[in-house]
Amino acid sequence: MNKSVRRSMALLLVAWFQAAGACTPPPAQAEPPRLQPLISGIHTVAGEVVRFNPCHRSVSLRTPFFVDKPPLMIVVHGGGGLDGGTQAAADAFRSKGMATLVFDAFQMNGFEQGSRFFASAVTNEARQRMIYRAALGAYEWALRQDKIDTRRILFHGLSNGAAAVANLAAVVDPEHVVALIAEGTPGNGLGLPDDIKVPLKFVFGRLDNYGGRTAEEFIWLRQEPCIGNVVAFDHPKGNSAQCNRWVEPDQRTQKPIDWYEAQKAKGAPIELWWLERTAHGVFIGPLLRNTVTYSSGSTRMAWVGGDWAARSKFLDDVAAIAKTPRP
């Protein structure tokens, strides 16, 4: 290795370490959040959940090669945390010329129990609270990054991440965010907002029965007991205000498809996309007809993955939005 090559490598290393050293973590909380048992085998999270920590080891902002100031896709994980499906989604979006930002909201809150535990032993509302707050903080941090086009930001969220993304559609700035893509949105947890101000793509696989008691209990038709919804949190006002553990706890949540129809009827910027021959998580891989057994002992449907052609079309449709010039 000649002298000039060694010098170039040294300069690159210096630049990398300077960038890493410039990271500023948020102030430490006086009392960190903690897991709190609700019923046998099921937990919620007590205490205030943390904001986005750009210095956390799970955070990765990556840009595609040879693209100057690319649009940014903030990839928001689902109820199991940052997993292979989330990484696959990020890789796919980056292949279409988008920068990607990923993170693990659960680990940021100090929880290292892993995806199996969070997918089966923690309530939707607890997971969604952590994901929502981390995703909102990730967006606010991204606005200060000079390597991306901060007027072409998008979000993609799956499952519990989709619920967080749907709520973010009520609070993010349309001057910076061009679209939010919520894939496989459940209707319980945070609930869904009364009003949205940024274009939202409401996406479901035609075979998405994740969490259903039978193969035909599809997620967009799902209603769960209101007692599982949360309102004591800084997310936008929505349908959980009249359906939660204190108000009508024995009633059922609004179907996600009915929420969509109500938004559409009042002229909200929302569009329904169907993914043919696809279940839950188009980027997870080929269709797998799984079941999952929760810590409470109940077994539910968990079909995941789907058709390659549907995935390809979906990716092209998202890329077309990302590439549209801003006025």
# chains A, B, ... in the order shown; residues from 1 in each chain; ligands from 1
$ residues_around --residues "stretch 241-250 of chain A" --least-positions-apart "2" --cutoff "7 Å" --atoms "only C-alpha atoms" --output "short mmCIF file (atom, residue, chain, number, x, y, z; two decimals) with N, CA and C atoms, in the first residue's frame"
data_model
loop_
_atom_site.label_atom_id
_atom_site.label_comp_id
_atom_site.auth_asym_id
_atom_site.auth_seq_id
_atom_site.Cartn_x
_atom_site.Cartn_y
_atom_site.Cartn_z
N PRO A 225 -61.31 -5.36 21.92
CA PRO A 225 -61.92 -4.65 23.05
C PRO A 225 -61.28 -3.27 23.27
N CYS A 226 -62.12 -2.27 23.52
CA CYS A 226 -61.63 -0.91 23.74
C CYS A 226 -60.68 -0.81 24.92
N ILE A 227 -60.77 -1.75 25.84
CA ILE A 227 -59.91 -1.69 27.04
C ILE A 227 -58.43 -1.71 26.68
N GLY A 228 -58.09 -2.17 25.48
CA GLY A 228 -56.69 -2.21 25.07
C GLY A 228 -56.16 -0.92 24.49
N ASN A 229 -57.01 0.10 24.36
CA ASN A 229 -56.56 1.38 23.79
C ASN A 229 -56.02 2.31 24.87
N VAL A 230 -55.13 3.21 24.47
CA VAL A 230 -54.53 4.18 25.38
C VAL A 230 -54.89 5.59 24.94
N VAL A 231 -55.13 6.49 25.92
CA VAL A 231 -55.36 7.90 25.61
C VAL A 231 -54.41 8.82 26.36
N LYS A 237 -55.30 13.37 18.75
CA LYS A 237 -56.63 12.93 19.14
C LYS A 237 -57.23 12.08 18.03
N GLY A 238 -57.87 10.99 18.44
CA GLY A 238 -58.45 10.11 17.43
C GLY A 238 -59.56 9.26 18.01
N ASN A 239 -59.83 8.12 17.35
CA ASN A 239 -60.97 7.30 17.76
C ASN A 239 -60.76 6.60 19.10
N ARG A 252 -66.09 -2.34 21.22
CA ARG A 252 -65.07 -2.78 20.27
C ARG A 252 -64.52 -1.61 19.47
N THR A 253 -63.26 -1.72 19.09
CA THR A 253 -62.61 -0.66 18.33
C THR A 253 -63.20 -0.56 16.92
#
$ residues_around --residues "A:Glu125" --least-positions-apart "2" --cutoff "6 Å" --atoms "only C-alpha atoms" --output "ChimeraX atom specification"
/A:123,127-128,189-190
$ write_last_selection --atoms "N, CA and C atoms" --output "PDB file, in the first residue's frame"
ATOM      1  N   THR A 123     -48.315  -5.458  25.108  1.00  0.00           N
ATOM      2  CA  THR A 123     -49.528  -4.932  24.480  1.00  0.00           C
ATOM      3  C   THR A 123     -49.216  -4.058  23.262  1.00  0.00           C
ATOM      4  N   ARG A 127     -46.211  -1.009  22.752  1.00  0.00           N
ATOM      5  CA  ARG A 127     -45.278  -1.021  21.627  1.00  0.00           C
ATOM      6  C   ARG A 127     -45.465   0.215  20.747  1.00  0.00           C
ATOM      7  N   GLN A 128     -46.708   0.570  20.491  1.00  0.00           N
ATOM      8  CA  GLN A 128     -46.976   1.719  19.628  1.00  0.00           C
ATOM      9  C   GLN A 128     -46.531   3.033  20.265  1.00  0.00           C
ATOM     10  N   GLY A 189     -54.677   0.055  20.084  1.00  0.00           N
ATOM     11  CA  GLY A 189     -53.395   0.537  20.613  1.00  0.00           C
ATOM     12  C   GLY A 189     -53.500   2.029  20.831  1.00  0.00           C
ATOM     13  N   LEU A 190     -52.882   2.799  19.939  1.00  0.00           N
ATOM     14  CA  LEU A 190     -53.068   4.253  19.944  1.00  0.00           C
ATOM     15  C   LEU A 190     -54.389   4.639  19.316  1.00  0.00           C
TER      16      LEU A 190
END
$ residues_around --residues "A:Arg116" --least-positions-apart "5" --cutoff "10 Å" --atoms "only C-alpha atoms" --output "PyMOL selection string"
chain A and resi 79-81+121+292+294
$ closest_residue --among "A:Val76, A:Ala142, A:Leu180, A:Leu38" --to "A:Ala322" --atoms "only C-alpha atoms"
A:Leu180
$ select_by_dssp --residues "stretch 129-304 of chain A" --states "strand (DSSP E or B)" --output "ChimeraX atom specification"
/A:153-158,177-183,193,200-205,225,238,252,270-275,278,280,288-293,299-304
$ select_by_dssp --residues "stretch 76-175 of chain A" --states "alpha helix (DSSP H)" --output "ChimeraX atom specification"
/A:84-95,105-108,115-121,124-142,160-168
$ residues_around --residues "A:Phe118" --least-positions-apart "3" --cutoff "12 Å" --atoms "only C-alpha atoms" --output "PDB file with N, CA, C and O atoms, in the first residue's frame"
ATOM      1  N   LEU A  35     -41.102  -2.525  32.259  1.00  0.00           N
ATOM      2  CA  LEU A  35     -42.184  -3.449  31.950  1.00  0.00           C
ATOM      3  C   LEU A  35     -43.044  -3.667  33.187  1.00  0.00           C
ATOM      4  O   LEU A  35     -42.529  -3.806  34.305  1.00  0.00           O
ATOM      5  N   GLY A  41     -48.605 -13.316  31.689  1.00  0.00           N
ATOM      6  CA  GLY A  41     -47.824 -13.383  30.465  1.00  0.00           C
ATOM      7  C   GLY A  41     -47.883 -12.156  29.578  1.00  0.00           C
ATOM      8  O   GLY A  41     -47.233 -12.129  28.533  1.00  0.00           O
ATOM      9  N   ILE A  42     -48.658 -11.141  29.936  1.00  0.00           N
ATOM     10  CA  ILE A  42     -48.808  -9.949  29.098  1.00  0.00           C
ATOM     11  C   ILE A  42     -48.381  -8.711  29.891  1.00  0.00           C
ATOM     12  O   ILE A  42     -48.783  -8.534  31.042  1.00  0.00           O
ATOM     13  N   HIS A  43     -47.593  -7.841  29.237  1.00  0.00           N
ATOM     14  CA  HIS A  43     -47.044  -6.665  29.902  1.00  0.00           C
ATOM     15  C   HIS A  43     -47.408  -5.385  29.159  1.00  0.00           C
ATOM     16  O   HIS A  43     -47.647  -5.391  27.955  1.00  0.00           O
ATOM     17  N   THR A  44     -47.412  -4.296  29.915  1.00  0.00           N
ATOM     18  CA  THR A  44     -47.413  -2.968  29.325  1.00  0.00           C
ATOM     19  C   THR A  44     -46.084  -2.313  29.703  1.00  0.00           C
ATOM     20  O   THR A  44     -45.231  -2.934  30.334  1.00  0.00           O
ATOM     21  N   VAL A  45     -45.902  -1.067  29.288  1.00  0.00           N
ATOM     22  CA  VAL A  45     -44.709  -0.314  29.656  1.00  0.00           C
ATOM     23  C   VAL A  45     -45.137   0.867  30.503  1.00  0.00           C
ATOM     24  O   VAL A  45     -45.955   1.690  30.066  1.00  0.00           O
ATOM     25  N   GLY A  78     -42.103  -2.953  13.159  1.00  0.00           N
ATOM     26  CA  GLY A  78     -43.345  -3.398  13.760  1.00  0.00           C
ATOM     27  C   GLY A  78     -43.178  -3.851  15.192  1.00  0.00           C
ATOM     28  O   GLY A  78     -42.216  -3.474  15.887  1.00  0.00           O
ATOM     29  N   GLY A  79     -44.101  -4.717  15.631  1.00  0.00           N
ATOM     30  CA  GLY A  79     -44.174  -5.081  17.037  1.00  0.00           C
ATOM     31  C   GLY A  79     -43.058  -5.952  17.561  1.00  0.00           C
ATOM     32  O   GLY A  79     -42.943  -6.148  18.773  1.00  0.00           O
ATOM     33  N   GLY A  80     -42.212  -6.486  16.674  1.00  0.00           N
ATOM     34  CA  GLY A  80     -41.090  -7.299  17.141  1.00  0.00           C
ATOM     35  C   GLY A  80     -39.784  -6.548  17.234  1.00  0.00           C
ATOM     36  O   GLY A  80     -38.766  -7.123  17.608  1.00  0.00           O
ATOM     37  N   GLY A  81     -39.779  -5.264  16.880  1.00  0.00           N
ATOM     38  CA  GLY A  81     -38.549  -4.483  16.879  1.00  0.00           C
ATOM     39  C   GLY A  81     -37.852  -4.551  15.524  1.00  0.00           C
ATOM     40  O   GLY A  81     -38.394  -5.056  14.536  1.00  0.00           O
ATOM     41  N   LEU A  82     -36.645  -4.022  15.493  1.00  0.00           N
ATOM     42  CA  LEU A  82     -35.859  -3.976  14.258  1.00  0.00           C
ATOM     43  C   LEU A  82     -35.433  -5.392  13.884  1.00  0.00           C
ATOM     44  O   LEU A  82     -34.614  -6.009  14.550  1.00  0.00           O
ATOM     45  N   ASP A  83     -35.989  -5.903  12.781  1.00  0.00           N
ATOM     46  CA  ASP A  83     -35.756  -7.298  12.410  1.00  0.00           C
ATOM     47  C   ASP A  83     -35.362  -7.407  10.948  1.00  0.00           C
ATOM     48  O   ASP A  83     -35.147  -6.401  10.259  1.00  0.00           O
ATOM     49  N   ALA A 105     -36.890   1.063  18.444  1.00  0.00           N
ATOM     50  CA  ALA A 105     -37.501   1.867  19.504  1.00  0.00           C
ATOM     51  C   ALA A 105     -37.484   1.145  20.844  1.00  0.00           C
ATOM     52  O   ALA A 105     -37.397   1.782  21.897  1.00  0.00           O
ATOM     53  N   PHE A 106     -37.570  -0.186  20.830  1.00  0.00           N
ATOM     54  CA  PHE A 106     -37.610  -0.926  22.088  1.00  0.00           C
ATOM     55  C   PHE A 106     -36.245  -0.903  22.773  1.00  0.00           C
ATOM     56  O   PHE A 106     -36.135  -0.672  23.986  1.00  0.00           O
ATOM     57  N   GLN A 107     -35.196  -1.133  21.998  1.00  0.00           N
ATOM     58  CA  GLN A 107     -33.861  -1.088  22.576  1.00  0.00           C
ATOM     59  C   GLN A 107     -33.523   0.314  23.072  1.00  0.00           C
ATOM     60  O   GLN A 107     -32.828   0.465  24.085  1.00  0.00           O
ATOM     61  N   PHE A 111     -34.950  -1.978  26.531  1.00  0.00           N
ATOM     62  CA  PHE A 111     -35.487  -3.336  26.540  1.00  0.00           C
ATOM     63  C   PHE A 111     -34.748  -4.199  25.529  1.00  0.00           C
ATOM     64  O   PHE A 111     -34.746  -3.910  24.336  1.00  0.00           O
ATOM     65  N   GLU A 112     -34.160  -5.275  26.007  1.00  0.00           N
ATOM     66  CA  GLU A 112     -33.341  -6.153  25.166  1.00  0.00           C
ATOM     67  C   GLU A 112     -33.899  -7.576  25.118  1.00  0.00           C
ATOM     68  O   GLU A 112     -33.182  -8.520  24.794  1.00  0.00           O
ATOM     69  N   GLN A 113     -35.193  -7.735  25.406  1.00  0.00           N
ATOM     70  CA  GLN A 113     -35.763  -9.085  25.477  1.00  0.00           C
ATOM     71  C   GLN A 113     -35.906  -9.749  24.115  1.00  0.00           C
ATOM     72  O   GLN A 113     -36.097 -10.963  24.038  1.00  0.00           O
ATOM     73  N   GLY A 114     -35.870  -8.989  23.048  1.00  0.00           N
ATOM     74  CA  GLY A 114     -35.906  -9.571  21.711  1.00  0.00           C
ATOM     75  C   GLY A 114     -37.291  -9.626  21.094  1.00  0.00           C
ATOM     76  O   GLY A 114     -38.312  -9.413  21.752  1.00  0.00           O
ATOM     77  N   SER A 115     -37.314  -9.940  19.805  1.00  0.00           N
ATOM     78  CA  SER A 115     -38.551  -9.850  19.024  1.00  0.00           C
ATOM     79  C   SER A 115     -39.603 -10.860  19.469  1.00  0.00           C
ATOM     80  O   SER A 115     -40.796 -10.547  19.474  1.00  0.00           O
ATOM     81  N   ALA A 121     -45.729 -10.884  24.129  1.00  0.00           N
ATOM     82  CA  ALA A 121     -45.927 -10.672  25.564  1.00  0.00           C
ATOM     83  C   ALA A 121     -46.060  -9.205  25.963  1.00  0.00           C
ATOM     84  O   ALA A 121     -46.027  -8.889  27.152  1.00  0.00           O
ATOM     85  N   VAL A 122     -46.215  -8.294  24.977  1.00  0.00           N
ATOM     86  CA  VAL A 122     -46.342  -6.859  25.267  1.00  0.00           C
ATOM     87  C   VAL A 122     -47.538  -6.315  24.484  1.00  0.00           C
ATOM     88  O   VAL A 122     -47.748  -6.673  23.320  1.00  0.00           O
ATOM     89  N   THR A 123     -48.315  -5.458  25.108  1.00  0.00           N
ATOM     90  CA  THR A 123     -49.528  -4.932  24.480  1.00  0.00           C
ATOM     91  C   THR A 123     -49.216  -4.058  23.262  1.00  0.00           C
ATOM     92  O   THR A 123     -48.148  -3.450  23.169  1.00  0.00           O
ATOM     93  N   ASN A 124     -50.190  -3.977  22.362  1.00  0.00           N
ATOM     94  CA  ASN A 124     -50.046  -3.093  21.210  1.00  0.00           C
ATOM     95  C   ASN A 124     -49.830  -1.644  21.635  1.00  0.00           C
ATOM     96  O   ASN A 124     -48.995  -0.936  21.080  1.00  0.00           O
ATOM     97  N   GLU A 125     -50.601  -1.191  22.629  1.00  0.00           N
ATOM     98  CA  GLU A 125     -50.486   0.229  23.012  1.00  0.00           C
ATOM     99  C   GLU A 125     -49.093   0.553  23.539  1.00  0.00           C
ATOM    100  O   GLU A 125     -48.558   1.639  23.249  1.00  0.00           O
ATOM    101  N   ALA A 126     -48.475  -0.364  24.266  1.00  0.00           N
ATOM    102  CA  ALA A 126     -47.130  -0.109  24.788  1.00  0.00           C
ATOM    103  C   ALA A 126     -46.110  -0.060  23.667  1.00  0.00           C
ATOM    104  O   ALA A 126     -45.243   0.822  23.612  1.00  0.00           O
ATOM    105  N   ARG A 127     -46.211  -1.009  22.752  1.00  0.00           N
ATOM    106  CA  ARG A 127     -45.278  -1.021  21.627  1.00  0.00           C
ATOM    107  C   ARG A 127     -45.465   0.215  20.747  1.00  0.00           C
ATOM    108  O   ARG A 127     -44.495   0.849  20.329  1.00  0.00           O
ATOM    109  N   GLN A 128     -46.708   0.570  20.491  1.00  0.00           N
ATOM    110  CA  GLN A 128     -46.976   1.719  19.628  1.00  0.00           C
ATOM    111  C   GLN A 128     -46.531   3.033  20.265  1.00  0.00           C
ATOM    112  O   GLN A 128     -46.084   3.946  19.567  1.00  0.00           O
ATOM    113  N   MET A 130     -43.901   3.466  22.187  1.00  0.00           N
ATOM    114  CA  MET A 130     -42.446   3.558  21.984  1.00  0.00           C
ATOM    115  C   MET A 130     -42.108   3.848  20.525  1.00  0.00           C
ATOM    116  O   MET A 130     -41.239   4.687  20.224  1.00  0.00           O
ATOM    117  N   ASN A 160     -47.679  -2.632  14.008  1.00  0.00           N
ATOM    118  CA  ASN A 160     -47.660  -1.610  15.053  1.00  0.00           C
ATOM    119  C   ASN A 160     -46.935  -0.355  14.580  1.00  0.00           C
ATOM    120  O   ASN A 160     -47.278   0.758  14.980  1.00  0.00           O
ATOM    121  N   TYR A 294     -49.320 -16.687  21.917  1.00  0.00           N
ATOM    122  CA  TYR A 294     -48.985 -15.612  22.835  1.00  0.00           C
ATOM    123  C   TYR A 294     -48.709 -16.156  24.231  1.00  0.00           C
ATOM    124  O   TYR A 294     -49.054 -17.300  24.553  1.00  0.00           O
ATOM    125  N   SER A 295     -48.083 -15.304  25.042  1.00  0.00           N
ATOM    126  CA  SER A 295     -47.728 -15.730  26.400  1.00  0.00           C
ATOM    127  C   SER A 295     -48.959 -16.080  27.224  1.00  0.00           C
ATOM    128  O   SER A 295     -48.875 -16.840  28.191  1.00  0.00           O
TER     129      SER A 295
END
